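File shown: run-v7.csv. Contents: CSV, N, CA and C atoms.
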```csv
chain,number,residue,atom,x,y,z
A,981,MET,N,0.8,-1.2,0.0
A,981,MET,CA,0.0,0.0,0.0
A,981,MET,C,0.9,1.3,0.0
A,982,TYR,N,2.0,1.2,0.6
A,982,TYR,CA,2.9,2.3,0.7
A,982,TYR,C,4.1,2.2,-0.2
A,983,ALA,N,4.0,1.4,-1.3
A,983,ALA,CA,5.2,1.1,-2.2
A,983,ALA,C,5.7,2.4,-2.8
A,984,LYS,N,4.9,3.3,-3.2
A,984,LYS,CA,5.4,4.6,-3.8
A,984,LYS,C,6.1,5.4,-2.8
A,985,PHE,N,5.6,5.5,-1.6
A,985,PHE,CA,6.3,6.2,-0.5
A,985,PHE,C,7.7,5.6,-0.2
A,986,PHE,N,7.7,4.2,-0.1
A,986,PHE,CA,9.0,3.6,0.2
A,986,PHE,C,10.0,3.7,-0.9
A,987,ALA,N,9.5,3.8,-2.2
A,987,ALA,CA,10.5,4.1,-3.3
A,987,ALA,C,11.1,5.4,-3.1
A,988,GLN,N,10.4,6.4,-2.7
A,988,GLN,CA,10.9,7.8,-2.5
A,988,GLN,C,11.8,7.8,-1.2
A,989,VAL,N,11.4,7.0,-0.2
A,989,VAL,CA,12.3,7.0,1.0
A,989,VAL,C,13.6,6.3,0.7
A,990,ALA,N,13.6,5.3,-0.1
A,990,ALA,CA,14.9,4.6,-0.5
A,990,ALA,C,15.8,5.6,-1.2
A,991,ALA,N,15.2,6.4,-2.1
A,991,ALA,CA,16.0,7.5,-2.8
A,991,ALA,C,16.6,8.5,-1.8
A,992,THR,N,15.8,8.8,-0.8
A,992,THR,CA,16.3,9.7,0.3
A,992,THR,C,17.5,9.2,1.0
A,993,VAL,N,17.3,7.9,1.5
A,993,VAL,CA,18.4,7.3,2.2
A,993,VAL,C,19.7,7.2,1.4
A,994,LEU,N,19.5,6.8,0.2
A,994,LEU,CA,20.7,6.7,-0.7
A,994,LEU,C,21.3,8.0,-1.0
A,995,ALA,N,20.5,9.0,-1.1
A,995,ALA,CA,21.0,10.4,-1.4
A,995,ALA,C,21.8,10.9,-0.1
A,996,ALA,N,21.4,10.5,1.0
A,996,ALA,CA,22.1,10.9,2.3
A,996,ALA,C,23.4,10.2,2.4
A,997,ILE,N,23.5,9.0,1.9
A,997,ILE,CA,24.7,8.2,1.9
A,997,ILE,C,25.8,8.7,0.9
A,998,VAL,N,25.4,9.1,-0.2
A,998,VAL,CA,26.3,9.6,-1.3
A,998,VAL,C,27.3,10.6,-0.8
A,999,PRO,N,27.0,11.7,-0.2
A,999,PRO,CA,28.0,12.6,0.2
A,999,PRO,C,29.0,12.0,1.2
A,1000,LEU,N,28.5,11.0,2.0
A,1000,LEU,CA,29.4,10.4,3.0
A,1000,LEU,C,30.5,9.5,2.4
A,1001,LEU,N,30.2,9.1,1.1
A,1001,LEU,CA,31.1,8.2,0.5
A,1001,LEU,C,32.3,8.9,-0.3
A,1002,ASN,N,32.1,10.2,-0.4
A,1002,ASN,CA,33.1,11.0,-1.0
A,1002,ASN,C,34.3,11.1,0.0
A,1003,GLY,N,35.4,10.4,-0.3
A,1003,GLY,CA,36.5,10.3,0.6
A,1003,GLY,C,37.4,11.5,0.6
A,1004,THR,N,37.3,12.5,-0.3
A,1004,THR,CA,38.2,13.6,-0.3
A,1004,THR,C,37.7,14.8,0.5
A,1005,ALA,N,36.4,14.9,0.7
A,1005,ALA,CA,35.9,16.1,1.3
A,1005,ALA,C,34.7,15.7,2.2
A,1006,HIS,N,34.3,16.6,3.1
A,1006,HIS,CA,33.2,16.4,3.9
A,1006,HIS,C,31.9,16.9,3.2
A,1007,PRO,N,30.8,16.3,3.4
A,1007,PRO,CA,29.6,16.8,2.8
A,1007,PRO,C,29.4,18.3,3.1
A,1008,ASN,N,28.9,19.0,2.1
A,1008,ASN,CA,28.7,20.4,2.3
A,1008,ASN,C,27.2,20.7,2.5
A,1009,GLY,N,26.9,21.9,2.8
A,1009,GLY,CA,25.5,22.3,3.0
A,1009,GLY,C,24.6,22.0,1.8
A,1010,SER,N,25.0,22.2,0.6
A,1010,SER,CA,24.2,21.9,-0.5
A,1010,SER,C,23.9,20.4,-0.6
A,1011,ASP,N,24.8,19.5,-0.2
A,1011,ASP,CA,24.5,18.1,-0.2
A,1011,ASP,C,23.3,17.8,0.7
A,1012,TRP,N,23.4,18.4,1.9
A,1012,TRP,CA,22.3,18.1,2.9
A,1012,TRP,C,21.0,18.8,2.5
A,1013,VAL,N,21.1,19.9,1.8
A,1013,VAL,CA,19.8,20.5,1.4
A,1013,VAL,C,19.1,19.6,0.4
A,1014,ASN,N,19.9,18.9,-0.5
A,1014,ASN,CA,19.4,18.0,-1.4
A,1014,ASN,C,18.7,16.8,-0.7
A,1015,VAL,N,19.3,16.3,0.4
A,1015,VAL,CA,18.7,15.3,1.1
A,1015,VAL,C,17.4,15.7,1.7
A,1016,ALA,N,17.4,17.0,2.2
A,1016,ALA,CA,16.2,17.5,2.8
A,1016,ALA,C,15.1,17.6,1.8
A,1017,ILE,N,15.4,18.1,0.6
A,1017,ILE,CA,14.4,18.2,-0.5
A,1017,ILE,C,13.9,16.8,-0.9
A,1018,ILE,N,14.7,15.9,-1.0
A,1018,ILE,CA,14.2,14.5,-1.4
A,1018,ILE,C,13.4,13.9,-0.3
A,1019,GLY,N,13.8,14.2,1.0
A,1019,GLY,CA,13.0,13.7,2.1
A,1019,GLY,C,11.6,14.4,2.2
A,1020,LEU,N,11.6,15.7,1.9
A,1020,LEU,CA,10.3,16.3,1.8
A,1020,LEU,C,9.5,15.8,0.7
A,1021,GLY,N,10.1,15.4,-0.4
A,1021,GLY,CA,9.4,14.7,-1.5
A,1021,GLY,C,8.8,13.4,-1.1
A,1022,ALA,N,9.5,12.7,-0.2
A,1022,ALA,CA,8.9,11.4,0.3
A,1022,ALA,C,7.6,11.7,1.1
A,1023,VAL,N,7.7,12.7,1.9
A,1023,VAL,CA,6.5,13.1,2.7
A,1023,VAL,C,5.4,13.6,1.8
A,1024,ALA,N,5.7,14.3,0.8
A,1024,ALA,CA,4.7,14.8,-0.2
A,1024,ALA,C,4.1,13.6,-1.0
A,1025,VAL,N,4.9,12.7,-1.3
A,1025,VAL,CA,4.4,11.5,-2.0
A,1025,VAL,C,3.4,10.7,-1.1
A,1026,LEU,N,3.8,10.6,0.1
A,1026,LEU,CA,2.9,9.9,1.1
A,1026,LEU,C,1.5,10.7,1.2
A,1027,GLY,N,1.6,12.0,1.3
A,1027,GLY,CA,0.4,12.8,1.5
A,1027,GLY,C,-0.4,13.1,0.2
A,1028,ALA,N,0.2,12.9,-1.0
A,1028,ALA,CA,-0.5,13.1,-2.2
A,1028,ALA,C,-1.7,12.2,-2.4
A,1029,GLY,N,-2.8,12.7,-2.9
A,1029,GLY,CA,-4.0,11.9,-3.0
A,1029,GLY,C,-3.9,10.7,-4.0
A,1030,ASN,N,-4.7,9.7,-3.8
A,1030,ASN,CA,-4.8,8.6,-4.7
A,1030,ASN,C,-6.1,8.7,-5.4
A,1031,LEU,N,-6.1,9.4,-6.5
A,1031,LEU,CA,-7.4,9.7,-7.3
A,1031,LEU,C,-7.5,8.8,-8.5
A,1032,PRO,N,-8.7,8.4,-8.9
A,1032,PRO,CA,-8.8,7.4,-9.9
A,1032,PRO,C,-8.7,7.8,-11.3
A,1033,ALA,N,-8.8,9.1,-11.6
A,1033,ALA,CA,-8.8,9.5,-13.0
A,1033,ALA,C,-8.3,10.9,-13.2
A,1034,GLY,N,-8.1,11.3,-14.5
A,1034,GLY,CA,-7.7,12.6,-14.8
A,1034,GLY,C,-6.2,12.8,-14.5
A,1035,VAL,N,-5.7,14.0,-14.6
A,1035,VAL,CA,-4.3,14.3,-14.3
A,1035,VAL,C,-4.0,14.0,-12.9
A,1036,TRP,N,-4.9,14.1,-12.0
A,1036,TRP,CA,-4.7,13.9,-10.6
A,1036,TRP,C,-4.3,12.4,-10.3
A,1037,LYS,N,-4.6,11.5,-11.2
A,1037,LYS,CA,-4.2,10.1,-11.1
A,1037,LYS,C,-2.7,10.0,-11.0
A,1038,TYR,N,-2.0,11.0,-11.5
A,1038,TYR,CA,-0.5,11.0,-11.5
A,1038,TYR,C,0.1,12.0,-10.5
A,1039,THR,N,-0.7,12.3,-9.4
A,1039,THR,CA,-0.2,13.3,-8.5
A,1039,THR,C,1.1,12.9,-7.8
A,1040,LYS,N,1.2,11.6,-7.4
A,1040,LYS,CA,2.4,11.1,-6.7
A,1040,LYS,C,3.6,11.2,-7.6
A,1041,THR,N,3.4,10.9,-8.9
A,1041,THR,CA,4.5,11.0,-9.9
A,1041,THR,C,4.9,12.4,-10.1
A,1042,ILE,N,4.0,13.3,-10.2
A,1042,ILE,CA,4.3,14.7,-10.4
A,1042,ILE,C,5.1,15.3,-9.2
A,1043,VAL,N,4.7,14.9,-8.0
A,1043,VAL,CA,5.4,15.4,-6.8
A,1043,VAL,C,6.8,14.8,-6.8
A,1044,ALA,N,7.0,13.6,-7.1
A,1044,ALA,CA,8.3,13.0,-7.2
A,1044,ALA,C,9.2,13.6,-8.2
A,1045,ALA,N,8.6,13.9,-9.4
A,1045,ALA,CA,9.4,14.6,-10.5
A,1045,ALA,C,9.7,16.0,-10.1
A,1046,ALA,N,8.8,16.7,-9.4
A,1046,ALA,CA,9.1,18.1,-9.0
A,1046,ALA,C,10.2,18.1,-8.0
A,1047,THR,N,10.3,17.0,-7.1
A,1047,THR,CA,11.4,16.9,-6.2
A,1047,THR,C,12.7,16.8,-6.9
A,1048,ALA,N,12.8,16.0,-7.9
A,1048,ALA,CA,14.0,15.8,-8.7
A,1048,ALA,C,14.4,17.1,-9.3
A,1049,VAL,N,13.5,17.9,-9.9
A,1049,VAL,CA,13.8,19.2,-10.5
A,1049,VAL,C,14.2,20.2,-9.4
A,1050,ALA,N,13.7,20.1,-8.2
A,1050,ALA,CA,14.1,21.0,-7.1
A,1050,ALA,C,15.6,20.7,-6.7
A,1051,VAL,N,15.9,19.4,-6.7
A,1051,VAL,CA,17.3,19.1,-6.4
A,1051,VAL,C,18.3,19.6,-7.5
A,1052,LEU,N,17.9,19.5,-8.8
A,1052,LEU,CA,18.7,20.1,-9.9
A,1052,LEU,C,18.8,21.6,-9.7
A,1053,LEU,N,17.7,22.3,-9.5
A,1053,LEU,CA,17.8,23.7,-9.4
A,1053,LEU,C,18.6,24.2,-8.2
A,1054,GLN,N,18.4,23.5,-7.1
A,1054,GLN,CA,19.2,23.9,-5.9
A,1054,GLN,C,20.7,23.7,-6.1
A,1055,SER,N,21.1,22.6,-6.7
A,1055,SER,CA,22.5,22.3,-7.0
A,1055,SER,C,23.1,23.3,-8.0
A,1056,ALA,N,22.3,23.6,-9.0
A,1056,ALA,CA,22.8,24.5,-10.1
A,1056,ALA,C,23.0,25.9,-9.6
A,1057,ILE,N,22.0,26.3,-8.8
A,1057,ILE,CA,22.0,27.7,-8.4
A,1057,ILE,C,23.1,28.0,-7.3
A,1058,THR,N,23.3,27.1,-6.4
A,1058,THR,CA,24.1,27.4,-5.2
A,1058,THR,C,25.6,27.5,-5.6
A,1059,ASP,N,26.2,26.5,-6.1
A,1059,ASP,CA,27.6,26.5,-6.4
A,1059,ASP,C,28.0,25.6,-7.5
A,1060,GLY,N,27.1,25.3,-8.4
A,1060,GLY,CA,27.4,24.4,-9.5
A,1060,GLY,C,27.2,23.0,-9.0
A,1061,ILE,N,27.1,22.1,-9.9
A,1061,ILE,CA,26.8,20.7,-9.6
A,1061,ILE,C,28.0,19.8,-9.4
A,1062,SER,N,28.3,19.4,-8.2
A,1062,SER,CA,29.4,18.5,-7.9
A,1062,SER,C,29.1,17.1,-8.3
A,1063,SER,N,30.1,16.2,-8.2
A,1063,SER,CA,29.9,14.8,-8.6
A,1063,SER,C,28.9,14.2,-7.6
A,1064,ALA,N,29.0,14.5,-6.3
A,1064,ALA,CA,28.1,14.0,-5.3
A,1064,ALA,C,26.6,14.4,-5.6
A,1065,GLU,N,26.5,15.7,-6.0
A,1065,GLU,CA,25.2,16.2,-6.4
A,1065,GLU,C,24.6,15.6,-7.6
A,1066,TRP,N,25.5,15.3,-8.6
A,1066,TRP,CA,25.0,14.6,-9.8
A,1066,TRP,C,24.4,13.2,-9.4
A,1067,LEU,N,25.1,12.5,-8.5
A,1067,LEU,CA,24.6,11.2,-8.0
A,1067,LEU,C,23.3,11.4,-7.2
A,1068,GLN,N,23.2,12.5,-6.4
A,1068,GLN,CA,21.9,12.8,-5.7
A,1068,GLN,C,20.8,13.0,-6.7
A,1069,LEU,N,21.1,13.8,-7.7
A,1069,LEU,CA,20.1,14.1,-8.7
A,1069,LEU,C,19.7,12.8,-9.4
A,1070,ALA,N,20.6,11.9,-9.8
A,1070,ALA,CA,20.3,10.7,-10.4
A,1070,ALA,C,19.4,9.8,-9.4
A,1071,LEU,N,19.7,9.9,-8.2
A,1071,LEU,CA,18.9,9.1,-7.2
A,1071,LEU,C,17.5,9.7,-7.1
A,1072,ALA,N,17.4,11.0,-7.1
A,1072,ALA,CA,16.1,11.7,-7.1
A,1072,ALA,C,15.2,11.3,-8.3
A,1073,ALA,N,15.9,11.2,-9.5
A,1073,ALA,CA,15.2,10.8,-10.7
A,1073,ALA,C,14.8,9.3,-10.6
A,1074,LEU,N,15.7,8.5,-10.1
A,1074,LEU,CA,15.3,7.1,-9.9
A,1074,LEU,C,14.2,6.9,-8.9
A,1075,GLY,N,14.2,7.8,-7.8
A,1075,GLY,CA,13.1,7.8,-6.9
A,1075,GLY,C,11.8,8.1,-7.6
A,1076,ALA,N,11.8,9.1,-8.5
A,1076,ALA,CA,10.6,9.4,-9.3
A,1076,ALA,C,10.2,8.3,-10.1
A,1077,LEU,N,11.1,7.6,-10.8
A,1077,LEU,CA,10.8,6.4,-11.6
A,1077,LEU,C,10.3,5.3,-10.7
A,1078,GLY,N,10.8,5.2,-9.5
A,1078,GLY,CA,10.3,4.1,-8.6
A,1078,GLY,C,8.8,4.4,-8.2
A,1079,VAL,N,8.5,5.7,-8.0
A,1079,VAL,CA,7.1,6.1,-7.7
A,1079,VAL,C,6.2,5.7,-8.9
A,1080,VAL,N,6.7,5.9,-10.1
A,1080,VAL,CA,5.9,5.6,-11.3
A,1080,VAL,C,5.7,4.1,-11.3
A,1081,ALA,N,6.8,3.3,-11.1
A,1081,ALA,CA,6.7,1.9,-11.3
A,1081,ALA,C,6.0,1.1,-10.1
A,1082,ALA,N,6.1,1.7,-8.9
A,1082,ALA,CA,5.5,1.0,-7.8
A,1082,ALA,C,4.0,1.0,-7.9
A,1083,PRO,N,3.4,-0.1,-7.5
A,1083,PRO,CA,2.0,-0.2,-7.5
A,1083,PRO,C,1.3,0.7,-6.5
A,1084,GLY,N,0.3,1.3,-6.9
A,1084,GLY,CA,-0.4,2.2,-5.9
A,1084,GLY,C,-1.7,1.4,-5.4
A,1085,PRO,N,-2.4,2.0,-4.5
A,1085,PRO,CA,-3.6,1.4,-4.0
A,1085,PRO,C,-4.7,1.5,-5.1
A,1086,ARG,N,-5.5,0.5,-5.1
A,1086,ARG,CA,-6.6,0.6,-6.1
A,1086,ARG,C,-7.7,1.5,-5.6
A,1087,VAL,N,-8.0,2.5,-6.4
A,1087,VAL,CA,-8.9,3.6,-6.0
A,1087,VAL,C,-10.1,3.6,-7.0
A,1088,TYR,N,-11.3,3.7,-6.4
A,1088,TYR,CA,-12.5,3.7,-7.2
A,1088,TYR,C,-13.3,5.0,-7.0
A,1089,ASP,N,-14.1,5.4,-8.0
A,1089,ASP,CA,-14.9,6.5,-7.9
A,1089,ASP,C,-16.2,6.1,-7.1
A,1090,ALA,N,-16.3,6.6,-5.9
A,1090,ALA,CA,-17.4,6.2,-5.0
A,1090,ALA,C,-18.7,6.6,-5.6
A,1091,ALA,N,-18.8,7.7,-6.3
A,1091,ALA,CA,-20.1,8.1,-6.8
A,1091,ALA,C,-20.6,7.2,-7.9
A,1092,ALA,N,-19.6,6.8,-8.8
A,1092,ALA,CA,-19.9,5.9,-9.9
A,1092,ALA,C,-20.3,4.5,-9.3
A,1093,LEU,N,-19.6,4.1,-8.3
A,1093,LEU,CA,-20.0,2.8,-7.7
A,1093,LEU,C,-21.4,2.8,-7.1
A,1094,GLY,N,-21.7,3.9,-6.4
A,1094,GLY,CA,-23.0,4.1,-5.8
A,1094,GLY,C,-24.1,4.0,-6.8
A,1095,ARG,N,-23.9,4.7,-8.0
A,1095,ARG,CA,-24.9,4.7,-9.1
A,1095,ARG,C,-25.0,3.3,-9.6
A,1096,ALA,N,-23.9,2.6,-9.8
A,1096,ALA,CA,-24.0,1.2,-10.4
A,1096,ALA,C,-24.7,0.3,-9.4
A,1097,ALA,N,-24.4,0.4,-8.1
A,1097,ALA,CA,-25.0,-0.5,-7.2
A,1097,ALA,C,-26.5,-0.2,-7.1
A,1098,SER,N,-27.0,1.0,-7.3
A,1098,SER,CA,-28.4,1.3,-7.1
A,1098,SER,C,-29.2,1.1,-8.4
A,1099,GLY,N,-28.5,0.7,-9.5
A,1099,GLY,CA,-29.1,0.5,-10.8
A,1099,GLY,C,-29.3,1.8,-11.6
A,1100,LEU,N,-28.7,2.8,-11.1
A,1100,LEU,CA,-28.8,4.1,-11.8
A,1100,LEU,C,-27.6,4.4,-12.7
A,1101,ALA,N,-26.9,3.4,-13.1
A,1101,ALA,CA,-25.7,3.7,-13.9
A,1101,ALA,C,-26.0,4.4,-15.2
A,1102,ASN,N,-27.2,4.2,-15.8
A,1102,ASN,CA,-27.5,4.9,-17.0
A,1102,ASN,C,-28.6,5.9,-16.8
A,1103,GLY,N,-28.7,6.4,-15.6
A,1103,GLY,CA,-29.7,7.4,-15.3
A,1103,GLY,C,-30.9,6.8,-14.7
A,1104,PRO,N,-31.8,7.6,-14.2
A,1104,PRO,CA,-33.1,7.0,-13.6
A,1104,PRO,C,-34.0,6.4,-14.6
A,1105,GLN,N,-34.6,5.4,-14.2
A,1105,GLN,CA,-35.6,4.7,-15.1
A,1105,GLN,C,-36.9,5.3,-14.9
A,1106,VAL,N,-37.6,5.8,-16.0
A,1106,VAL,CA,-38.9,6.4,-15.9
A,1106,VAL,C,-39.9,5.5,-16.5
```

Have the structure of the file written as structure tokens, please.
Amino acid sequence: MYAKFFAQVAATVLAAIVPLLNGTAHPNGSDWVNVAIIGLGAVAVLGAGNLPAGVWKYTKTIVAAATAVAVLLQSAITDGISSAEWLQLALAALGALGVVAAPGPRVYDAAALGRAASGLANGPQV
């Protein structure tokens, strides 16, 4: 049920590990801001609605993609994109792809189900 959320959490954890693996320098503030952005993306994916149709059917995907774009913008604007930030950006993009690929809960249109159950699927019978 929470597969999309866990995909984004996995990207967050990996993005937090990447700056620590850089043996030549300590993680800088920009690295940690990226981790915070991706973490907030995970919270947003969890809170995004599960709607059955229309563009809102893709809300979780849109939120995850926006998170990856925010990581790119933050890295590019602050001090250029370091190798660790490129990896974080790739992880944010993979997190977004994981959100797309992960199965979501099955959601139904309650109004349509109610009409179908009451025999009014094609309108009232006169």

Selection: 10 Å around Val1043 (chain A), only C-alpha atoms, excl. self and same-chain fewer than 3 positions, as a PyMOL selection string
chain A and resi 1020-1026+1028+1038-1040+1046-1049+1076+1079

Distance in Å - atom N of Gly1078 (chain A) versus CA of His1006 (chain A):
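Between atom N of Gly1078 (chain A) and CA of His1006 (chain A) the gap is 28.4 Å.
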
When distances are computed from only C-alpha atoms, which of A:Ala1044, A:Ala1050, A:Trp1066, A:Gly1034 shows the smallest separation from Val989 (chain A)?
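When distances to Val989 (chain A) are compared using only C-alpha atoms, the smallest one comes from A:Ala1044.
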
What gap, in Å, lies between CA of Leu1067 (chain A) and CA of Leu1053 (chain A)?
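A separation of 14.3 Å between them.
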
Quick one: pull the distance between atom C of Tyr982 (chain A) and atom C of Ala1081 (chain A), Å, one decimal.
10.1 Å

Pick out the closest residue to Val993 (chain A) from this set: A:Val1051, A:Leu1069, A:Val1080, A:Val1015. Count all atoms listed in the file.
A:Val1015

Can you tell me, as a PyMOL selection string, which residues sit within 8 Å of (16.5, 4.5, -4.7) in the file's frame, using all atoms listed in the file?
chain A and resi 986-995+1070-1076+1078

Show me, as a ChimeraX atom specification, the residues that have an atom within 8 Å of Ser1055 (chain A) when counting only N, CA and C atoms, minus same-chain residues fewer than 2 positions from it.
/A:1010-1011,1013-1014,1049-1053,1057-1062,1065-1066

Within 9 Å of Trp1012 (chain A) using only C-alpha atoms, minus same-chain residues under 5 positions, as number ranges by chain:
A: 995-996, 999, 1007, 1017

Write out, as a compact mmCIF listing (two decimals), keeping the file's coordinate frame, the residues just selected, with N, CA and C atoms.
```txt
# COMPACT_ATOMS: atom_id res chain seq x y z
N ALA A 995 20.50 9.00 -1.10
CA ALA A 995 21.00 10.40 -1.40
C ALA A 995 21.80 10.90 -0.10
N ALA A 996 21.40 10.50 1.00
CA ALA A 996 22.10 10.90 2.30
C ALA A 996 23.40 10.20 2.40
N PRO A 999 27.00 11.70 -0.20
CA PRO A 999 28.00 12.60 0.20
C PRO A 999 29.00 12.00 1.20
N PRO A 1007 30.80 16.30 3.40
CA PRO A 1007 29.60 16.80 2.80
C PRO A 1007 29.40 18.30 3.10
N ILE A 1017 15.40 18.10 0.60
CA ILE A 1017 14.40 18.20 -0.50
C ILE A 1017 13.90 16.80 -0.90
```

Taking only N, CA and C atoms into account, name the residue in A:Ala1056, A:Ala1045, A:Ala1016, A:Leu1000 that is nearest to Leu1077 (chain A).
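Distance minimum relative to Leu1077 (chain A) lands on A:Ala1045.
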